[in-house]
Structure formats: C-alpha cells, structure tokens
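Below is one structure; the comments refer to it alone.
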Amino acid sequence: MTAISIQNLTKDYGNHKGIFDVSFQIEKGEVVGFLGPNGAGKTTTIRHLMGFSKPQSGTASVLKLNCWNESKEIQKHVGYLPAEMAFPENMTGTQLIQHNAKMRGLCDLKRSQQLIDMFNLDPSAPIKRMSKGMKQKVGIVCAFMHDPKVLILDEPTTGLDPLMQSVFVQLIREEKQKGKSILMSSHLFEEIEGTCDQIVMIKQGKIISIMNAQEFNNADKTIFKVTFQHIEDFQSIQHNNFNILDINKEGLQLVIEIEDTQLNNLIRALAAKHVVSIREMKYSLEDNFMNFYRGENHDHVQ
Amino acid sequence: MFNKSLFIHLIKSNTKVFLIIAGSLSVLIGIIMSVFTPETMNEIAQTSMDAPINPLGDISTLIAFTANQFFGNFALIFAMIYSIIVGNKLIAEQVDKGSMAYHLSMPITRTEYTVTSLIYFVSSITTLFALIFGVGISVAELVQPGELPLDTFFMLTLGSFLLHLAISGVTFFASCLFNRSSYSLALGAGLTIFFFAANMLSGMSDSLSILENVTIITLFDSDAIIQGGSYGAHLFILGALALVLYLMGVGVFKRKDLPL
C-alpha cells in the first residue's frame, strides 16, 4: 500500500523558486530520506503534504487521501515535526503534550512517557525557556506520541546532541520495524545512510535522483587508502590488478577500491611490502552529497 | 465546526489580556456608578457653569454621563485594544510565528480552527459586556437606587457590544487575510484607530462633521438611545457587518496558502 504519493506536483513562486513536477512515492514500511541544499524545495513539498499549501498542478496524497481536501483525516495518522519548532506561547512542555493528547482524543499517555524517558527530557519547564535541543525533543514527543502510521520529519535532529541523535536513529529503526512509513529530510549523511531505504534528492525545485539503499550503500565494495614507505613498493603494487582510484606520488599513497571477496588478495599483496598506513575510506553518501551540493553553488555563480 | 479542547486552550492563552481589560472596565463602571450621584453632579454642574466647554460632556443625568464618558470613551478604547490584540493573536500571529503549523497538524480542519477561535472571540466580548452590565446595575442599585434607568442602560450596553462585534470583525478578518502580524495589525488596528479618530474629529467642528459618515462608531448613537430616537437599523447594520466580516475571514483562511 502506498503511504505517500506525490504526482507531478508543481508550485511556482516565481523567480525560479518553488517546486516543479515533483513525483515520488513512499510505500508502507519504507523510510525515505529527502535531501537537498537549503532552499531546494524540501519544506515546500512537505507543506503540500500537510495541506498548508494548495498545489498549482499535480496532486499530493497521504494514505490515499488528498492532502488539500482531506487534511483533517490525514492528520489523525500523521506525525509531523516541522523544521522550525514554534509552539503556542506560555505553555510548559507537559501542558503542551497534554493539550496534544486532548486534541487527538488520546487517553493513554504511556507512549509519550516512553518517549520522554527515551530522550531524557524534562518537559515541566516553560517552552519559552527551553533550549533548541529541548524544544526539538518536545517536538519529537508530539510527533510520535499518537503512534502515527506516517511520519513526516523535517530535519528532525537539528539541535540534538550526538548522543540524542543516535537515540533518534534508534527510534526511527524501531518505528520502521513497526511498519511505519517515514519521510525524513536531513543533512546528516550518517543518519540517512543508516536508516533509509530510499533517497530522494531535490535541487532547485526538481527531483534530480531517486536512489535505492543498495545503490548508495555500495555494500560489497570497500575503499582503502594505503601509504607506502618505498617508491618501489608503491610502483609495484600498481601492476597488480587492483582498481586504483587515485594516485598520490608525493605522499606515496594509493586509493584502492576492492570487492570484499578480493580482500585477501590485497592483504597478501601488501604483506610483502613496507606499508606505513592502511586506512579504510568511508565510502559514503557524503561524497555523493558533496558533489551534489557543490553543483548547486556552482550554478549559483553562473 | 467547534473543538472543545482548542476552545479551552484559547481561553487559557488569552486569560491575561481579558482579565486586564475586563478588570479595568468593571472598576471604571463601578466608580462611575458610585461616585456620580445626583448631588455630585449638581455640584460639578454648578462649578463648571462658567466654563466654555464642559470637559465631561453632558452630565445632566447619570445615564447621559455613562453614555458619553464610559461607552463613548473608556469602553470604546479598552474594548478596541482588546479586539486589536486578540484579533491579531488568534490567527495572523500564529501563522507569523509558525505555531499555526502545530495547531493544524492536529486532526482539525482550518474552518474548525477559525470558527472555534471566532466563538472564543465573540463569547469573550459578550462576557466583557455582560460583566459591565452586571457590575454597572449592581453598583448603581446599591449606591443610588432608582437613579439608573435599567432599560436604557441595557440598550447602551447592547449597542456598544454590537459596535465592538463589528470592530472585532474588522480585526478578525485582517488577521485571517494576512500571514504577517504586521500587515494584519496595519489593516485591523489601522482601520480601528481611523474609525476612532474620525469619530473624535467629527465632533470637534462642523466642517469635520462629514467624517461621521466614514466611521462605524457613529452607528452606535447613544443620544438616540437615551432620547428614545430610532437606532435599531444602525445597530442591525453593526451586527450584520460583524457577521459578514467573520464569514469572510473564515472563507479567506480556508482557501489560502500558509507559509508554515
């Protein structure tokens, strides 16, 4: 079953701002990372999913319900975490969570208590006095407390410390196991890399790529950076049949990509040489992203 | 169309401003009703006989004084301030600050949100004027029984109430129309203050009396109410204006894009 479906969604704010012909789908139980530089159209797309904006053309639907006309029904099953948390003023976190429960007709606050414990949050303070991270935690509790089928999370880990970020990643994994569908925008590569089944990349309002987990995890290949003591070793290893990505003559360094099944061959070949250091290069999305973000800057210059 | 939890939330978040306005107006009406006994007013009339203009206006009777000073000044200004602050806060400020995203991510339609806000707005203004009426007659009956004509006082309160509904209509509509507090205030508060200024200036000289026609405040004609003239049509216009502006506000907010 399709949890979120966006078809040819267009909203032109003029001046090349907006989103143009955006289409993608999220199936039930899928976690999708939504990536793009600032101002690329992530929040605009999410706005349409939440029913805050009316599509110029195309449609957005959640659980087969139209986002513009049937937002009330949709909100019952959606947990939403906006990029910038803004809560009604003059409330404490506890009051807010209780108000949330009342608005949703939720009698059982067990789940919210679990979340509060999980994130080590003290919600009794007035929200105005809370730090950014604490507000974010309150937002997370509000988004997850009614056990929604679909989660729409706009940069969910901003303001969280590294410890809490990993707690959050854990939470996403749990929710995924429960069969929840999650759309998550983020700039944190590790967060996306570790949790998402699919990545949708948007740039200047257009979808530029949709990748599967296998494609970006590159699971069966590893890259090593090897530094040699002697130039002879450095040269001789180049004659072996390894896939060499980069050669640094001054540093006597080689960057070698290798299938995991070939790992022993590399070790054997290196065993006879004088190796100063060998390091695994995290082949990650990060490289992809950096290229892709830089491209954006480049376009700006032109 | 109505959401109880949201209504309770709105009562809580607007309690402070409501209590300040309602408290001040209750104290003022209480003072007026207890201080301005026939004897005091005679004295004032005697001492200010020679003055070219009496700064307190017509003080021949308690009800005339109440109409001029209380409903023509204090209640007018205080209730305007209430309408400006709360009108803006209910919708535009929530959108501007982004907390509307929080409200609308609940299982609630936009119309339910605006209509519930509106019900809060109208019922708080109703409570305000009910309080004024209650305090007014209680104090008057305690201090100077029989001096205050109840039916006239009731009509004055009702007229002033309808005027403020119309003003709340203006600020509410402005609040629904704009996504920024500043624009909403520019229209809502700007128009309200313009009505107030036009009303004041129109009374100052004959050449400015044309301004009577551009302000809705003159539709609440307290002289006609006191002297038994015809005022029903004017009050009806105020009520109708309020209703139209409310409906327009709800309609506009339902259809627009929100930058949340």
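By convention in this document, the chains of the structure tokens carry letters A, B, ... by their order, each chain's residues are numbered from 1, and ligands are numbered from 1 in the order they are shown.
If we count only C-alpha atoms, these residues of chain A sit within 6 Å of chain B: Phe52, Ser53, Lys72, Gln75, Lys76, Ala86, Phe87, Pro88 and Met103 of chain A.
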For this session: Would you kindly return, as an NGL selection string, each protein, DNA or RNA residue with an atom no farther than 12 Å from any atom of B:Phe133, considering only C-alpha atoms and excluding same-chain residues fewer than 2 positions away?
Result: :B and (22 or 25-26 or 28-30 or 33 or 66 or 70-71 or 75 or 126-131 or 135-140 or 148 or 150-161)
Which polymer residues have any atom within 7 Å of an atom of stretch 193-205 of chain B, counting only C-alpha atoms, with same-chain residues fewer than 5 positions away left out, as a JSON list (two decimals) with N, CA, C and O atoms, in the first residue's frame?
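To be explicit, this is the file written out as result.json:
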[["chain", "number", "residue", "atom", "x", "y", "z"],
["B", 210, "ILE", "N", -18.42, 65.82, 8.41],
["B", 210, "ILE", "CA", -18.58, 64.87, 7.29],
["B", 210, "ILE", "C", -17.92, 63.53, 7.63],
["B", 210, "ILE", "O", -18.32, 62.48, 7.13],
["B", 211, "LEU", "N", -16.94, 63.57, 8.52],
["B", 211, "LEU", "CA", -16.23, 62.35, 8.92],
["B", 211, "LEU", "C", -17.16, 61.34, 9.62],
["B", 211, "LEU", "O", -16.84, 60.16, 9.70],
["B", 212, "GLU", "N", -18.28, 61.84, 10.11],
["B", 212, "GLU", "CA", -19.26, 60.92, 10.70],
["B", 212, "GLU", "C", -19.61, 59.76, 9.78],
["B", 212, "GLU", "O", -19.92, 58.67, 10.23],
["B", 215, "THR", "N", -16.99, 56.57, 9.66],
["B", 215, "THR", "CA", -16.66, 55.75, 10.82],
["B", 215, "THR", "C", -17.87, 54.93, 11.26],
["B", 215, "THR", "O", -19.00, 55.42, 11.20],
["B", 216, "ILE", "N", -17.62, 53.70, 11.63],
["B", 216, "ILE", "CA", -18.75, 52.87, 12.08],
["B", 216, "ILE", "C", -19.15, 53.19, 13.51],
["B", 216, "ILE", "O", -20.18, 52.75, 13.99],
["B", 217, "ILE", "N", -18.30, 53.96, 14.21],
["B", 217, "ILE", "CA", -18.60, 54.23, 15.62],
["B", 217, "ILE", "C", -19.87, 55.06, 15.76],
["B", 217, "ILE", "O", -20.64, 54.89, 16.70],
["B", 218, "THR", "N", -20.13, 55.93, 14.78],
["B", 218, "THR", "CA", -21.35, 56.75, 14.87],
["B", 218, "THR", "C", -22.61, 55.93, 14.66],
["B", 218, "THR", "O", -23.71, 56.41, 14.90]]
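Near stretch 18-20 of chain B, within 9 Å and counting only C-alpha atoms, sit B:Tyr82, B:Val86, B:Ser124, B:Leu128, not including residues fewer than 6 positions from it in the same chain.
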Just-selected residues, N, CA, C and O atoms written as a compact mmCIF listing (two decimals), in the first residue's frame:
# COMPACT_ATOMS: atom_id res chain seq x y z
N TYR B 82 -8.62 45.45 23.17
CA TYR B 82 -8.83 44.01 23.29
C TYR B 82 -9.01 43.36 21.92
O TYR B 82 -8.39 42.36 21.59
N VAL B 86 -6.35 40.63 20.55
CA VAL B 86 -6.80 39.24 20.44
C VAL B 86 -7.08 38.87 18.99
O VAL B 86 -6.72 37.78 18.54
N SER B 124 -15.96 35.96 24.40
CA SER B 124 -15.21 36.76 25.37
C SER B 124 -15.71 38.20 25.37
O SER B 124 -15.81 38.83 26.43
N LEU B 128 -17.45 40.19 28.41
CA LEU B 128 -16.96 41.51 28.81
C LEU B 128 -18.13 42.47 29.04
O LEU B 128 -18.23 43.14 30.07
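Compared by their closest atoms to B:Ser24, and using only C-alpha atoms, the residues B:Ile132, B:Ile11, B:Ile84, B:Ile44 rank with B:Ile132 nearest.
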For this session: Pick out the residues sitting within 12 Å of B:Ala233, and hand them over as a PyMOL selection string; count only C-alpha atoms, and ignore anything fewer than 4 positions along from it in its own chain.
Result: chain B and resi 159+219-221+224+229+237-240
Save out the residues we just selected, all heavy atoms, as a JSON list (two decimals), in the first residue's frame.
[["chain", "number", "residue", "atom", "x", "y", "z"],
["B", 159, "GLY", "N", -25.81, 48.18, 22.48],
["B", 159, "GLY", "CA", -25.32, 48.93, 21.31],
["B", 159, "GLY", "C", -23.81, 48.93, 21.25],
["B", 159, "GLY", "O", -23.19, 48.67, 20.21],
["B", 219, "LEU", "N", -22.48, 54.70, 14.20],
["B", 219, "LEU", "CA", -23.67, 53.84, 14.08],
["B", 219, "LEU", "C", -24.22, 53.47, 15.46],
["B", 219, "LEU", "O", -25.36, 53.06, 15.60],
["B", 219, "LEU", "CB", -23.35, 52.57, 13.29],
["B", 219, "LEU", "CG", -23.10, 52.76, 11.79],
["B", 219, "LEU", "CD1", -22.61, 51.46, 11.17],
["B", 219, "LEU", "CD2", -24.35, 53.24, 11.09],
["B", 220, "PHE", "N", -23.35, 53.57, 16.45],
["B", 220, "PHE", "CA", -23.82, 53.40, 17.83],
["B", 220, "PHE", "C", -24.14, 54.80, 18.35],
["B", 220, "PHE", "O", -23.28, 55.52, 18.81],
["B", 220, "PHE", "CB", -22.70, 52.74, 18.65],
["B", 220, "PHE", "CG", -22.92, 52.79, 20.14],
["B", 220, "PHE", "CD1", -24.12, 52.37, 20.72],
["B", 220, "PHE", "CD2", -21.92, 53.26, 20.98],
["B", 220, "PHE", "CE1", -24.29, 52.42, 22.09],
["B", 220, "PHE", "CE2", -22.09, 53.31, 22.35],
["B", 220, "PHE", "CZ", -23.29, 52.89, 22.90],
["B", 221, "ASP", "N", -25.43, 55.17, 18.22],
["B", 221, "ASP", "CA", -25.84, 56.54, 18.50],
["B", 221, "ASP", "C", -26.44, 56.59, 19.91],
["B", 221, "ASP", "O", -27.62, 56.34, 20.11],
["B", 221, "ASP", "CB", -26.87, 56.96, 17.44],
["B", 221, "ASP", "CG", -27.21, 58.43, 17.56],
["B", 221, "ASP", "OD1", -26.81, 59.06, 18.56],
["B", 221, "ASP", "OD2", -27.88, 58.94, 16.65],
["B", 224, "ALA", "N", -29.48, 58.95, 20.57],
["B", 224, "ALA", "CA", -30.77, 58.40, 20.12],
["B", 224, "ALA", "C", -31.29, 57.37, 21.11],
["B", 224, "ALA", "O", -32.50, 57.31, 21.38],
["B", 224, "ALA", "CB", -30.60, 57.77, 18.74],
["B", 229, "GLY", "N", -34.84, 57.97, 20.38],
["B", 229, "GLY", "CA", -34.91, 58.10, 18.92],
["B", 229, "GLY", "C", -34.84, 56.72, 18.27],
["B", 229, "GLY", "O", -34.88, 55.69, 18.93],
["B", 237, "ILE", "N", -27.15, 47.10, 11.39],
["B", 237, "ILE", "CA", -26.03, 47.17, 10.43],
["B", 237, "ILE", "C", -24.74, 46.72, 11.10],
["B", 237, "ILE", "O", -23.95, 45.95, 10.52],
["B", 237, "ILE", "CB", -25.88, 48.61, 9.88],
["B", 237, "ILE", "CG1", -27.08, 48.97, 9.02],
["B", 237, "ILE", "CG2", -24.60, 48.73, 9.05],
["B", 237, "ILE", "CD1", -27.09, 50.41, 8.55],
["B", 238, "LEU", "N", -24.51, 47.17, 12.34],
["B", 238, "LEU", "CA", -23.28, 46.78, 13.05],
["B", 238, "LEU", "C", -23.21, 45.26, 13.20],
["B", 238, "LEU", "O", -22.18, 44.64, 12.94],
["B", 238, "LEU", "CB", -23.23, 47.44, 14.43],
["B", 238, "LEU", "CG", -22.87, 48.94, 14.45],
["B", 238, "LEU", "CD1", -23.03, 49.50, 15.85],
["B", 238, "LEU", "CD2", -21.47, 49.16, 13.93],
["B", 239, "GLY", "N", -24.33, 44.67, 13.63],
["B", 239, "GLY", "CA", -24.36, 43.22, 13.80],
["B", 239, "GLY", "C", -24.11, 42.49, 12.48],
["B", 239, "GLY", "O", -23.34, 41.54, 12.41],
["B", 240, "ALA", "N", -24.77, 42.99, 11.43],
["B", 240, "ALA", "CA", -24.64, 42.35, 10.12],
["B", 240, "ALA", "C", -23.21, 42.48, 9.61],
["B", 240, "ALA", "O", -22.63, 41.53, 9.06],
["B", 240, "ALA", "CB", -25.60, 43.00, 9.13]]
For this session: Could you tell me, as a ChimeraX atom specification, which residues of stretch 50-223 of chain A DSSP assigns to strand (DSSP E or B) when given the backbone?
Result: /A:57-62,65-66,78-81,92,126,150-154,181-185,198-203,206-212,221-223
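Take atom CA of A:Val22 and atom CA of A:Asn8: the distance between them is 5.0 Å.
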Exercise. Can you list every residue in stretch 85-248 of chain B that DSSP puts in helix (DSSP H, G or I), as an NGL selection string?
Worked result: :B and (85-90 or 92-97 or 99-104 or 110-143 or 150-177 or 181-202 or 206-214 or 216-219 or 222-227 or 232-248)
